[in-house]
>>> print(open('query.tsv').read())   # TSV, C-alpha atoms and all ligand atoms
chain	number	residue	atom	x	y	z
A	1	MET	CA	12.47	-41.77	-6.90
A	2	SER	CA	8.84	-42.44	-7.75
A	3	LEU	CA	7.64	-42.17	-11.34
A	4	LEU	CA	5.37	-39.29	-10.45
A	5	LEU	CA	8.17	-37.32	-8.76
A	6	ASP	CA	10.36	-37.92	-11.81
A	7	GLU	CA	7.67	-36.72	-14.17
A	8	ILE	CA	6.96	-33.62	-12.10
A	9	ALA	CA	10.69	-32.78	-11.97
A	10	LEU	CA	11.00	-33.19	-15.74
A	11	ALA	CA	7.86	-31.17	-16.42
A	12	THR	CA	9.08	-28.43	-14.05
A	13	ALA	CA	12.34	-28.17	-15.99
A	14	ARG	CA	10.49	-27.98	-19.32
A	15	LEU	CA	8.14	-25.26	-18.07
A	16	ALA	CA	11.04	-23.27	-16.59
A	17	GLU	CA	12.84	-23.49	-19.92
A	18	ALA	CA	9.69	-22.16	-21.65
A	19	GLY	CA	9.72	-19.10	-19.35
A	20	VAL	CA	6.75	-20.07	-17.15
A	21	GLU	CA	6.90	-18.03	-13.94
A	22	SER	CA	5.94	-20.75	-11.40
A	23	PRO	CA	6.95	-24.00	-13.16
A	24	ARG	CA	6.79	-26.39	-10.20
A	25	ALA	CA	3.41	-25.14	-8.97
A	26	ASP	CA	1.98	-25.33	-12.49
A	27	ALA	CA	3.33	-28.86	-13.08
A	28	GLU	CA	1.85	-30.02	-9.77
A	29	LEU	CA	-1.51	-28.34	-10.38
A	30	ILE	CA	-1.74	-29.92	-13.85
A	31	GLY	CA	-0.88	-33.33	-12.36
A	32	ALA	CA	-3.38	-32.88	-9.54
A	33	ASN	CA	-6.12	-31.87	-11.98
A	34	ILE	CA	-5.58	-34.99	-14.10
A	35	HIS	CA	-5.67	-37.25	-11.08
A	36	ASN	CA	-8.62	-35.37	-9.63
A	37	VAL	CA	-6.88	-34.69	-6.33
A	38	ARG	CA	-5.76	-31.55	-4.54
A	39	ARG	CA	-2.20	-30.36	-5.12
A	40	ASN	CA	-1.14	-31.46	-1.63
A	41	GLU	CA	-2.50	-34.97	-2.29
A	42	LEU	CA	-0.60	-35.43	-5.56
A	43	TYR	CA	2.30	-37.43	-4.17
A	44	SER	CA	-0.02	-39.98	-2.59
A	45	VAL	CA	-1.33	-40.99	-6.05
A	46	PRO	CA	0.08	-44.48	-6.81
A	47	ASP	CA	2.70	-44.67	-9.57
A	48	ASN	CA	0.71	-47.15	-11.60
A	49	ALA	CA	-2.03	-44.52	-11.92
A	50	PHE	CA	0.26	-42.23	-13.87
A	51	ASP	CA	-1.69	-40.79	-16.76
A	52	ALA	CA	-0.08	-39.86	-20.10
A	53	ARG	CA	-2.57	-36.99	-20.54
A	54	PHE	CA	-0.23	-35.19	-18.13
A	55	TRP	CA	2.26	-34.62	-20.95
A	56	VAL	CA	-0.41	-33.29	-23.31
A	57	ASP	CA	-1.33	-30.63	-20.76
A	58	ILE	CA	2.30	-29.85	-19.93
A	59	SER	CA	2.92	-29.23	-23.65
A	60	ARG	CA	-0.01	-26.77	-23.71
A	61	ARG	CA	1.45	-24.91	-20.74
A	62	GLU	CA	4.88	-24.99	-22.40
A	63	ALA	CA	3.24	-23.17	-25.34
A	64	ARG	CA	2.20	-20.57	-22.70
A	65	GLU	CA	-1.52	-21.36	-22.62
A	66	PRO	CA	-2.69	-20.14	-19.18
A	67	LEU	CA	-2.80	-22.81	-16.50
A	68	GLN	CA	-6.41	-21.92	-15.69
A	69	HIS	CA	-7.52	-22.56	-19.29
A	70	ILE	CA	-5.83	-25.97	-19.25
A	71	ILE	CA	-7.41	-27.09	-16.00
A	72	GLY	CA	-10.66	-25.19	-16.78
A	73	LYS	CA	-10.87	-23.44	-13.44
A	74	ALA	CA	-9.50	-20.56	-11.44
A	75	TYR	CA	-9.44	-20.15	-7.69
A	76	PHE	CA	-10.48	-16.78	-6.29
A	77	ARG	CA	-10.74	-16.32	-2.52
A	78	TYR	CA	-13.18	-19.14	-1.49
A	79	LEU	CA	-14.49	-19.73	-5.01
A	80	GLU	CA	-13.69	-22.17	-7.77
A	81	LEU	CA	-14.68	-20.48	-11.01
A	82	GLU	CA	-15.03	-21.89	-14.51
A	83	VAL	CA	-12.86	-20.05	-17.02
A	84	GLY	CA	-11.75	-20.55	-20.62
A	85	PRO	CA	-11.48	-18.76	-23.96
A	86	GLY	CA	-13.24	-15.39	-23.95
A	87	VAL	CA	-12.93	-14.50	-20.29
A	88	PHE	CA	-10.24	-12.81	-18.21
A	89	VAL	CA	-8.59	-15.16	-15.72
A	90	PRO	CA	-9.02	-13.62	-12.24
A	91	ARG	CA	-5.71	-12.74	-10.57
A	92	PRO	CA	-4.52	-12.96	-6.96
A	93	GLU	CA	-3.94	-9.18	-6.78
A	94	THR	CA	-7.67	-8.64	-7.31
A	95	GLU	CA	-8.33	-10.82	-4.25
A	96	VAL	CA	-6.65	-8.16	-2.12
A	97	MET	CA	-8.90	-5.35	-3.38
A	98	THR	CA	-11.95	-7.58	-3.00
A	99	GLY	CA	-10.91	-8.33	0.59
A	100	TRP	CA	-10.67	-4.59	1.28
A	101	ALA	CA	-14.21	-4.10	-0.04
A	102	ILE	CA	-15.54	-7.02	2.00
A	103	ASP	CA	-14.05	-5.52	5.18
A	104	ARG	CA	-15.66	-2.13	4.45
A	105	LEU	CA	-19.05	-3.72	3.77
A	106	ARG	CA	-18.89	-5.74	6.99
A	107	ASP	CA	-18.00	-2.60	8.97
A	108	MET	CA	-20.80	-0.57	7.40
A	109	ASP	CA	-23.87	0.11	9.44
A	110	VAL	CA	-26.12	-0.98	6.56
A	111	ALA	CA	-28.35	-4.05	6.83
A	112	GLU	CA	-28.33	-5.00	3.13
A	113	PRO	CA	-25.50	-3.21	1.34
A	114	VAL	CA	-25.80	-2.71	-2.42
A	115	VAL	CA	-22.65	-3.15	-4.50
A	116	ILE	CA	-21.79	-2.70	-8.19
A	117	ASP	CA	-18.96	-4.66	-9.85
A	118	LEU	CA	-18.12	-2.93	-13.15
A	119	GLY	CA	-16.58	-5.27	-15.76
A	120	THR	CA	-17.28	-8.50	-13.90
A	121	GLY	CA	-15.56	-10.96	-16.31
A	122	SER	CA	-15.91	-14.40	-14.72
A	123	GLY	CA	-18.00	-12.87	-11.92
A	124	ALA	CA	-15.10	-13.28	-9.48
A	125	ILE	CA	-15.42	-10.05	-7.47
A	126	ALA	CA	-19.22	-10.03	-7.43
A	127	LEU	CA	-19.50	-13.66	-6.32
A	128	ALA	CA	-16.81	-13.34	-3.64
A	129	ILE	CA	-18.59	-10.32	-2.14
A	130	ALA	CA	-21.97	-12.04	-2.19
A	131	GLN	CA	-20.47	-15.15	-0.62
A	132	GLU	CA	-18.55	-13.33	2.11
A	133	VAL	CA	-21.03	-10.54	2.92
A	134	PRO	CA	-24.20	-12.56	3.50
A	135	ARG	CA	-26.88	-9.87	3.09
A	136	SER	CA	-25.24	-7.91	0.28
A	137	ARG	CA	-26.86	-7.49	-3.13
A	138	VAL	CA	-24.36	-7.26	-5.98
A	139	HIS	CA	-24.99	-5.93	-9.49
A	140	ALA	CA	-22.39	-7.32	-11.89
A	141	VAL	CA	-21.97	-5.45	-15.19
A	142	GLU	CA	-20.32	-6.86	-18.31
A	143	THR	CA	-20.32	-5.73	-21.94
A	144	ASP	CA	-18.43	-8.53	-23.72
A	145	PRO	CA	-20.89	-11.29	-24.77
A	146	LEU	CA	-18.38	-14.11	-24.26
A	147	ALA	CA	-17.34	-12.89	-20.80
A	148	PHE	CA	-21.04	-12.34	-19.98
A	149	ALA	CA	-21.72	-16.02	-20.74
A	150	TRP	CA	-18.92	-17.15	-18.40
A	151	ALA	CA	-20.19	-14.85	-15.64
A	152	ASP	CA	-23.70	-16.20	-16.12
A	153	ARG	CA	-22.38	-19.75	-15.84
A	154	ASN	CA	-20.48	-19.06	-12.62
A	155	ILE	CA	-23.32	-17.08	-11.06
A	156	THR	CA	-25.77	-19.86	-11.92
A	157	ARG	CA	-23.38	-22.47	-10.52
A	158	TYR	CA	-23.16	-20.66	-7.19
A	159	VAL	CA	-26.79	-19.63	-7.01
A	160	ASP	CA	-27.68	-22.21	-4.35
A	161	HIS	CA	-24.31	-22.16	-2.68
A	162	TYR	CA	-24.07	-19.21	-0.32
A	163	THR	CA	-25.00	-16.45	-2.78
A	164	ALA	CA	-28.71	-17.35	-3.01
A	165	GLY	CA	-29.54	-15.23	-6.03
A	166	ARG	CA	-27.97	-12.07	-4.61
A	167	VAL	CA	-25.75	-11.52	-7.67
A	168	LEU	CA	-27.62	-9.90	-10.56
A	169	LEU	CA	-25.90	-9.85	-13.94
A	170	HIS	CA	-26.41	-6.85	-16.26
A	171	ASP	CA	-25.49	-6.54	-19.91
A	172	GLY	CA	-24.17	-2.98	-19.96
A	173	ASP	CA	-21.32	-0.67	-20.91
A	174	LEU	CA	-19.62	1.16	-18.06
A	175	THR	CA	-18.70	4.01	-20.40
A	176	LYS	CA	-22.37	4.57	-21.36
A	177	ARG	CA	-24.50	5.48	-18.35
A	178	GLU	CA	-27.69	5.13	-20.42
A	179	SER	CA	-26.89	1.45	-21.15
A	180	LEU	CA	-27.06	0.59	-17.43
A	181	ASP	CA	-30.40	-0.35	-15.96
A	182	ILE	CA	-29.12	0.36	-12.46
A	183	THR	CA	-30.16	3.25	-10.29
A	184	GLY	CA	-28.44	4.40	-7.16
A	185	PRO	CA	-27.84	5.06	-4.45
A	186	VAL	CA	-25.40	2.21	-3.86
A	187	ASP	CA	-23.00	1.61	-0.98
A	188	LEU	CA	-19.89	0.51	-2.86
A	189	VAL	CA	-18.63	0.54	-6.45
A	190	ILE	CA	-15.77	-1.83	-7.25
A	191	SER	CA	-13.99	-2.46	-10.53
A	192	ASN	CA	-11.03	-4.20	-12.04
A	193	PRO	CA	-11.41	-2.57	-15.44
A	194	PRO	CA	-9.12	-2.79	-18.47
A	195	TYR	CA	-6.11	-0.55	-17.75
A	196	ILE	CA	-3.24	-1.37	-20.11
A	197	PRO	CA	-2.09	1.45	-22.43
A	198	VAL	CA	-2.68	0.47	-26.07
A	199	GLY	CA	0.54	-0.83	-27.66
A	200	SER	CA	2.17	-2.10	-24.41
A	201	ILE	CA	4.11	-5.38	-24.44
A	202	VAL	CA	2.45	-8.09	-22.31
A	203	PRO	CA	3.35	-11.77	-21.63
A	204	PRO	CA	2.08	-14.36	-24.17
A	205	GLU	CA	-0.52	-15.77	-21.74
A	206	VAL	CA	-2.07	-12.31	-21.59
A	207	ALA	CA	-1.65	-11.24	-25.23
A	208	GLU	CA	-3.00	-14.46	-26.72
A	209	TYR	CA	-5.56	-15.63	-24.19
A	210	ASP	CA	-7.01	-12.74	-22.16
A	211	PRO	CA	-9.75	-11.07	-24.23
A	212	PRO	CA	-8.72	-7.69	-25.73
A	213	ARG	CA	-11.63	-5.88	-24.09
A	214	ALA	CA	-10.30	-6.96	-20.69
A	215	LEU	CA	-6.90	-5.39	-21.34
A	216	TRP	CA	-6.63	-2.24	-23.40
A	217	SER	CA	-7.93	1.14	-22.35
A	218	GLY	CA	-6.70	4.06	-24.42
A	219	GLU	CA	-3.34	5.74	-24.77
A	220	ASP	CA	-2.56	6.07	-21.06
A	221	GLY	CA	-4.60	3.03	-19.98
A	222	LEU	CA	-6.93	5.17	-17.89
A	223	ASP	CA	-10.01	5.57	-20.13
A	224	ALA	CA	-12.09	2.93	-18.31
A	225	ILE	CA	-10.90	4.11	-14.89
A	226	ARG	CA	-12.10	7.65	-15.70
A	227	ALA	CA	-15.47	6.18	-16.74
A	228	VAL	CA	-15.64	4.24	-13.45
A	229	GLU	CA	-15.02	7.53	-11.58
A	230	GLN	CA	-17.90	9.23	-13.40
A	231	LEU	CA	-20.28	6.36	-12.77
A	232	ALA	CA	-19.28	6.00	-9.13
A	233	ARG	CA	-20.01	9.66	-8.39
A	234	ASP	CA	-23.39	9.23	-10.06
A	235	LEU	CA	-24.34	6.04	-8.23
A	236	LEU	CA	-22.82	6.22	-4.74
A	237	ARG	CA	-24.75	7.40	-1.70
A	238	PRO	CA	-23.04	10.03	0.45
A	239	GLY	CA	-20.40	8.16	2.42
A	240	GLY	CA	-20.24	5.31	-0.14
A	241	TYR	CA	-16.94	3.77	-1.23
A	242	VAL	CA	-15.20	3.21	-4.53
A	243	ALA	CA	-12.33	0.75	-5.15
A	244	VAL	CA	-10.59	0.47	-8.50
A	245	GLU	CA	-7.65	-1.67	-9.58
A	246	HIS	CA	-4.83	-0.34	-11.77
A	247	ALA	CA	-1.35	-1.26	-13.05
A	248	ASP	CA	1.55	-0.97	-10.60
A	249	VAL	CA	2.86	2.16	-12.35
A	250	GLN	CA	-0.50	3.96	-12.33
A	251	GLY	CA	-0.86	4.61	-8.57
A	252	ALA	CA	-0.20	8.36	-8.75
A	253	ALA	CA	-2.28	8.90	-11.90
A	254	VAL	CA	-5.31	7.03	-10.52
A	255	TYR	CA	-4.99	8.81	-7.17
A	256	TRP	CA	-5.54	12.10	-9.06
A	257	VAL	CA	-8.59	10.75	-10.89
A	258	PHE	CA	-10.18	10.34	-7.43
A	259	ALA	CA	-8.59	13.46	-5.93
A	260	GLU	CA	-10.27	15.74	-3.37
A	261	GLU	CA	-10.35	18.43	-6.07
A	262	ASN	CA	-12.79	16.18	-7.92
A	263	GLY	CA	-15.00	15.94	-4.85
A	264	TRP	CA	-13.66	12.69	-3.35
A	265	ARG	CA	-12.54	12.24	0.25
A	266	ASP	CA	-10.03	9.97	1.98
A	267	THR	CA	-8.42	8.89	-1.32
A	268	ARG	CA	-5.81	6.18	-0.72
A	269	ASN	CA	-3.33	4.06	-2.65
A	270	HIS	CA	-3.16	0.37	-1.69
A	271	LYS	CA	-0.57	-2.31	-2.44
A	272	ASP	CA	-0.95	-5.93	-3.58
A	273	LEU	CA	0.71	-8.99	-2.02
A	274	ALA	CA	3.96	-8.20	-3.84
A	275	ARG	CA	3.91	-4.67	-2.27
A	276	ARG	CA	3.27	-2.99	-5.62
A	277	ASP	CA	0.73	-0.16	-5.98
A	278	ARG	CA	-2.43	-1.94	-7.10
A	279	PHE	CA	-5.70	-0.16	-6.24
A	280	VAL	CA	-7.14	3.16	-5.18
A	281	THR	CA	-10.07	3.69	-2.84
A	282	ALA	CA	-12.04	6.80	-1.96
A	283	ILE	CA	-15.23	7.96	-0.27
A	284	TRP	CA	-17.92	9.96	-2.03
A	285	PRO	CA	-18.98	12.64	0.47
A	286	GLY	CA	-21.92	13.74	-1.63
A	287	LEU	CA	-21.47	17.27	-0.31
A	288	PRO	CA	-18.77	19.76	-1.25
A	289	PRO	CA	-15.94	19.93	1.34
A	290	LEU	CA	-16.54	22.40	4.19
A	291	GLY	CA	-14.86	25.79	3.87
A	292	ASP	CA	-15.26	25.96	0.09
A	293	GLY	CA	-17.79	28.76	0.21
A	294	HIS	CA	-20.82	26.46	-0.26
A	295	GLU	CA	-23.58	26.35	2.34
A	296	HIS	CA	-24.41	22.85	3.56
A	297	ALA	CA	-28.05	22.07	4.22
A	298	LEU	CA	-27.68	19.95	7.38
B	1	LIG	C1	-9.51	-6.90	-16.35
B	1	LIG	S1	-11.01	-7.70	-16.70
B	1	LIG	C2	-11.56	-8.04	-15.03
B	1	LIG	C3	-12.60	-9.12	-14.92
B	1	LIG	C4	-12.98	-9.44	-13.46
B	1	LIG	N1	-13.58	-8.31	-12.80
B	1	LIG	C5	-11.75	-9.89	-12.69
B	1	LIG	O1	-11.25	-9.12	-11.86
B	1	LIG	O2	-11.31	-11.01	-12.92
B	1	LIG	C6	-12.04	-6.36	-17.20
B	1	LIG	C7	-13.46	-6.74	-17.60
B	1	LIG	O3	-14.18	-5.55	-17.95
B	1	LIG	C8	-14.97	-5.79	-19.11
B	1	LIG	N2	-15.18	-4.52	-19.79
B	1	LIG	C9	-14.31	-3.84	-20.56
B	1	LIG	N3	-14.85	-2.70	-20.99
B	1	LIG	C10	-16.11	-2.65	-20.48
B	1	LIG	C11	-17.17	-1.73	-20.58
B	1	LIG	N4	-17.05	-0.61	-21.30
B	1	LIG	N5	-18.34	-1.98	-19.94
B	1	LIG	C12	-18.46	-3.12	-19.20
B	1	LIG	N6	-17.49	-4.06	-19.07
B	1	LIG	C13	-16.33	-3.82	-19.71
B	1	LIG	C14	-14.13	-6.76	-19.92
B	1	LIG	O4	-14.90	-7.44	-20.88
B	1	LIG	C15	-13.56	-7.65	-18.82
B	1	LIG	O5	-14.40	-8.73	-18.55
>>> encode(input="query.tsv", output="structure tokens", more="lines below")
Ligand SMILES: C[S@@+](CC[C@H](N)C(=O)[O-])C[C@H]1O[C@@H](n2cnc3c(N)ncnc32)[C@H](O)[C@@H]1O
Amino acid sequence: MSLLLDEIALATARLAEAGVESPRADAELIGANIHNVRRNELYSVPDNAFDARFWVDISRREAREPLQHIIGKAYFRYLELEVGPGVFVPRPETEVMTGWAIDRLRDMDVAEPVVIDLGTGSGAIALAIAQEVPRSRVHAVETDPLAFAWADRNITRYVDHYTAGRVLLHDGDLTKRESLDITGPVDLVISNPPYIPVGSIVPPEVAEYDPPRALWSGEDGLDAIRAVEQLARDLLRPGGYVAVEHADVQGAAVYWVFAEENGWRDTRNHKDLARRDRFVTAIWPGLPPLGDGHEHAL
């Protein structure tokens, strides 16, 4: 066996022992990062190029530091984003919700759709939409100064690549309408807000490395989601969409936040790649439903 294969096998065993969920993938990605190659090119690196820094990084991962902090980047749809201390590492489940939003925006009969990403973190959702929906204009809102700095860095990095200045970063609090210098109407509001009930047990990578403001959201975890609902109804044009991510056990609760009784239409639960409930979408009709005794001015 080659030295590299041996080292990867050993590192995989150590990471598995430490409770890392995808030990082989993480060992290979750490190796690939050190050798500056893609993961699928790792085994073509010559043995004599083996670099001892590999074991330093494997030890960090063994201590449950997130892979993305160790390699300094996270992949999100077609983006490579810079991440590190102070910013939430974007997750694959959020890619699914972002893909849903991109499909809606492409289907819309609107030349230059306007989007708001509430709680942008690294800028992942906002940048992916701007990259994949060429004439969209995306307002990205973030309240945490450290996360804001990471978003700014990623937005600046991609400014000439595909997004051409169409992502505008705002320092604002999604729970305080008056702190937002954004006026509607907008075509789509999207958010992956904090949604973990205070006091829940989370894995060490999350507890120790994701920033607290990205995680906790009141006793039932729904405080920020309720604030997103309020803002979305204020900002959306009639017929505009909202998409909001939640924990896998919150599907029913979030459905009711966006229920028809609250004025929303076509409210739906959606699943992530692991078939767990993951986000809710709805349409803001802007008019009360027909048959409710209100006269519509058409
Ligand atoms: C779960 S993270 C998601 C980050 C990014 N959208 C993603 O999907 O990777 C939630 C983000 O919302 C931000 N946030 C939390 N409360 C906020 C508030 N009241 N106003 C604006 N942003 C907020 C956090 O700082 C964090 O960056």
>>> residues_near_ligand(input="query.tsv", ligand="ligand LIG 1 (chain B)", cutoff="8 Å", atoms="all atoms listed in the file", output="PDB file with C-alpha atoms, keeping the file's coordinate frame")
ATOM      1  CA  VAL A  87     -12.930 -14.500 -20.290  1.00  0.00           C
ATOM      2  CA  PHE A  88     -10.240 -12.810 -18.210  1.00  0.00           C
ATOM      3  CA  VAL A  89      -8.590 -15.160 -15.720  1.00  0.00           C
ATOM      4  CA  PRO A  90      -9.020 -13.620 -12.240  1.00  0.00           C
ATOM      5  CA  ARG A  91      -5.710 -12.740 -10.570  1.00  0.00           C
ATOM      6  CA  THR A  94      -7.670  -8.640  -7.310  1.00  0.00           C
ATOM      7  CA  ASP A 117     -18.960  -4.660  -9.850  1.00  0.00           C
ATOM      8  CA  LEU A 118     -18.120  -2.930 -13.150  1.00  0.00           C
ATOM      9  CA  GLY A 119     -16.580  -5.270 -15.760  1.00  0.00           C
ATOM     10  CA  THR A 120     -17.280  -8.500 -13.900  1.00  0.00           C
ATOM     11  CA  GLY A 121     -15.560 -10.960 -16.310  1.00  0.00           C
ATOM     12  CA  SER A 122     -15.910 -14.400 -14.720  1.00  0.00           C
ATOM     13  CA  GLY A 123     -18.000 -12.870 -11.920  1.00  0.00           C
ATOM     14  CA  ALA A 124     -15.100 -13.280  -9.480  1.00  0.00           C
ATOM     15  CA  ILE A 125     -15.420 -10.050  -7.470  1.00  0.00           C
ATOM     16  CA  ALA A 126     -19.220 -10.030  -7.430  1.00  0.00           C
ATOM     17  CA  VAL A 141     -21.970  -5.450 -15.190  1.00  0.00           C
ATOM     18  CA  GLU A 142     -20.320  -6.860 -18.310  1.00  0.00           C
ATOM     19  CA  THR A 143     -20.320  -5.730 -21.940  1.00  0.00           C
ATOM     20  CA  ASP A 144     -18.430  -8.530 -23.720  1.00  0.00           C
ATOM     21  CA  ALA A 147     -17.340 -12.890 -20.800  1.00  0.00           C
ATOM     22  CA  PHE A 148     -21.040 -12.340 -19.980  1.00  0.00           C
ATOM     23  CA  ASP A 171     -25.490  -6.540 -19.910  1.00  0.00           C
ATOM     24  CA  GLY A 172     -24.170  -2.980 -19.960  1.00  0.00           C
ATOM     25  CA  ASP A 173     -21.320  -0.670 -20.910  1.00  0.00           C
ATOM     26  CA  LEU A 174     -19.620   1.160 -18.060  1.00  0.00           C
ATOM     27  CA  THR A 175     -18.700   4.010 -20.400  1.00  0.00           C
ATOM     28  CA  LYS A 176     -22.370   4.570 -21.360  1.00  0.00           C
ATOM     29  CA  SER A 191     -13.990  -2.460 -10.530  1.00  0.00           C
ATOM     30  CA  ASN A 192     -11.030  -4.200 -12.040  1.00  0.00           C
ATOM     31  CA  PRO A 193     -11.410  -2.570 -15.440  1.00  0.00           C
ATOM     32  CA  PRO A 194      -9.120  -2.790 -18.470  1.00  0.00           C
ATOM     33  CA  TYR A 195      -6.110  -0.550 -17.750  1.00  0.00           C
ATOM     34  CA  PRO A 211      -9.750 -11.070 -24.230  1.00  0.00           C
ATOM     35  CA  PRO A 212      -8.720  -7.690 -25.730  1.00  0.00           C
ATOM     36  CA  ARG A 213     -11.630  -5.880 -24.090  1.00  0.00           C
ATOM     37  CA  ALA A 214     -10.300  -6.960 -20.690  1.00  0.00           C
ATOM     38  CA  LEU A 215      -6.900  -5.390 -21.340  1.00  0.00           C
ATOM     39  CA  ALA A 224     -12.090   2.930 -18.310  1.00  0.00           C
TER      40      ALA A 224
END
>>> residues_around(input="query.tsv", residues="Tyr209 of chain A", least_positions_apart="5", cutoff="12 Å", atoms="all atoms listed in the file", output="list in words")
Ala63, Arg64, Glu65, Pro66, Leu67, Gln68, His69, Ile70, Val83, Gly84, Pro85, Gly86, Val87, Phe88, Val89, Val202, Pro203, Pro204, Ala214 and Leu215 of chain A
>>> residues_around(input="query.tsv", residues="Ala18 of chain A", least_positions_apart="4", cutoff="12 Å", atoms="only C-alpha atoms", output="ChimeraX atom specification")
/A:11-14,22-23,58-65,204
>>> write_last_selection(input="query.tsv", atoms="C-alpha atoms", output="PDB file, keeping the file's coordinate frame")
ATOM      1  CA  ALA A  11       7.860 -31.170 -16.420  1.00  0.00           C
ATOM      2  CA  THR A  12       9.080 -28.430 -14.050  1.00  0.00           C
ATOM      3  CA  ALA A  13      12.340 -28.170 -15.990  1.00  0.00           C
ATOM      4  CA  ARG A  14      10.490 -27.980 -19.320  1.00  0.00           C
ATOM      5  CA  SER A  22       5.940 -20.750 -11.400  1.00  0.00           C
ATOM      6  CA  PRO A  23       6.950 -24.000 -13.160  1.00  0.00           C
ATOM      7  CA  ILE A  58       2.300 -29.850 -19.930  1.00  0.00           C
ATOM      8  CA  SER A  59       2.920 -29.230 -23.650  1.00  0.00           C
ATOM      9  CA  ARG A  60      -0.010 -26.770 -23.710  1.00  0.00           C
ATOM     10  CA  ARG A  61       1.450 -24.910 -20.740  1.00  0.00           C
ATOM     11  CA  GLU A  62       4.880 -24.990 -22.400  1.00  0.00           C
ATOM     12  CA  ALA A  63       3.240 -23.170 -25.340  1.00  0.00           C
ATOM     13  CA  ARG A  64       2.200 -20.570 -22.700  1.00  0.00           C
ATOM     14  CA  GLU A  65      -1.520 -21.360 -22.620  1.00  0.00           C
ATOM     15  CA  PRO A 204       2.080 -14.360 -24.170  1.00  0.00           C
TER      16      PRO A 204
END
>>> atom_distance(input="query.tsv", atom1="atom CA of Ile34 of chain A", atom2="atom CA of Ile71 of chain A")
8.3 Å
>>> closest_residue(input="query.tsv", among="A:Gly221, A:Pro185, A:Pro134, A:Pro113", to="Asp248 of chain A", atoms="all atoms listed in the file")
A:Gly221
>>> closest_residue(input="query.tsv", among="A:His139, A:His270, A:Arg39, A:Arg153", to="Ile8 of chain A", atoms="all atoms listed in the file")
A:Arg39
>>> atom_distance(input="query.tsv", atom1="atom CA of Glu245 of chain A", atom2="atom CA of Pro145 of chain A")
22.3 Å
>>> closest_residue(input="query.tsv", among="A:Val198, A:Val189, A:Glu82, A:Arg177", to="Arg157 of chain A", atoms="all atoms listed in the file")
A:Glu82
>>> closest_residue(input="query.tsv", among="A:Met97, A:Val133, A:Ile283, A:Ile116", to="Thr183 of chain A", atoms="all atoms listed in the file")
A:Ile116
>>> residues_around(input="query.tsv", residues="Asp103 of chain A", least_positions_apart="6", cutoff="12 Å", atoms="all atoms listed in the file", output="MDAnalysis selection string")
chainID A and resid 96:97 129 132:133 188 241
>>> closest_residue(input="query.tsv", among="A:Ser136, A:Ser200, A:Ser2, A:Asn154", to="Gly218 of chain A", atoms="only C-alpha atoms")
A:Ser200
>>> atom_distance(input="query.tsv", atom1="atom CA of Val186 of chain A", atom2="atom CA of Val115 of chain A")
6.1 Å
>>> residues_around(input="query.tsv", residues="segment 50-55 of chain A", least_positions_apart="6", cutoff="9 Å", atoms="only C-alpha atoms", output="ChimeraX atom specification")
/A:3-4,7,11,27,30-31,34-35
>>> closest_residue(input="query.tsv", among="A:Gly240, A:Pro46, A:Gly184, A:Gly251", to="Val280 of chain A", atoms="all atoms listed in the file")
A:Gly251
>>> decode(input="query.tsv", residues="segment 167-182 of chain A", atoms="C-alpha atoms", output="PDB file, in the first residue's frame")
ATOM      1  CA  VAL A 167     -25.389  41.460  -3.576  1.00  0.00           C
ATOM      2  CA  LEU A 168     -25.822  44.361  -1.150  1.00  0.00           C
ATOM      3  CA  LEU A 169     -24.881  43.758   2.473  1.00  0.00           C
ATOM      4  CA  HIS A 170     -26.902  45.467   5.246  1.00  0.00           C
ATOM      5  CA  ASP A 171     -26.060  45.738   8.918  1.00  0.00           C
ATOM      6  CA  GLY A 172     -29.500  45.149  10.429  1.00  0.00           C
ATOM      7  CA  ASP A 173     -31.566  43.169  12.905  1.00  0.00           C
ATOM      8  CA  LEU A 174     -34.356  41.052  11.454  1.00  0.00           C
ATOM      9  CA  THR A 175     -36.339  41.399  14.679  1.00  0.00           C
ATOM     10  CA  LYS A 176     -36.279  45.219  14.459  1.00  0.00           C
ATOM     11  CA  ARG A 177     -37.964  46.485  11.302  1.00  0.00           C
ATOM     12  CA  GLU A 178     -36.717  50.029  11.974  1.00  0.00           C
ATOM     13  CA  SER A 179     -33.076  48.841  11.847  1.00  0.00           C
ATOM     14  CA  LEU A 180     -33.477  47.748   8.211  1.00  0.00           C
ATOM     15  CA  ASP A 181     -32.822  50.278   5.489  1.00  0.00           C
ATOM     16  CA  ILE A 182     -34.740  48.160   2.984  1.00  0.00           C
TER      17      ILE A 182
END
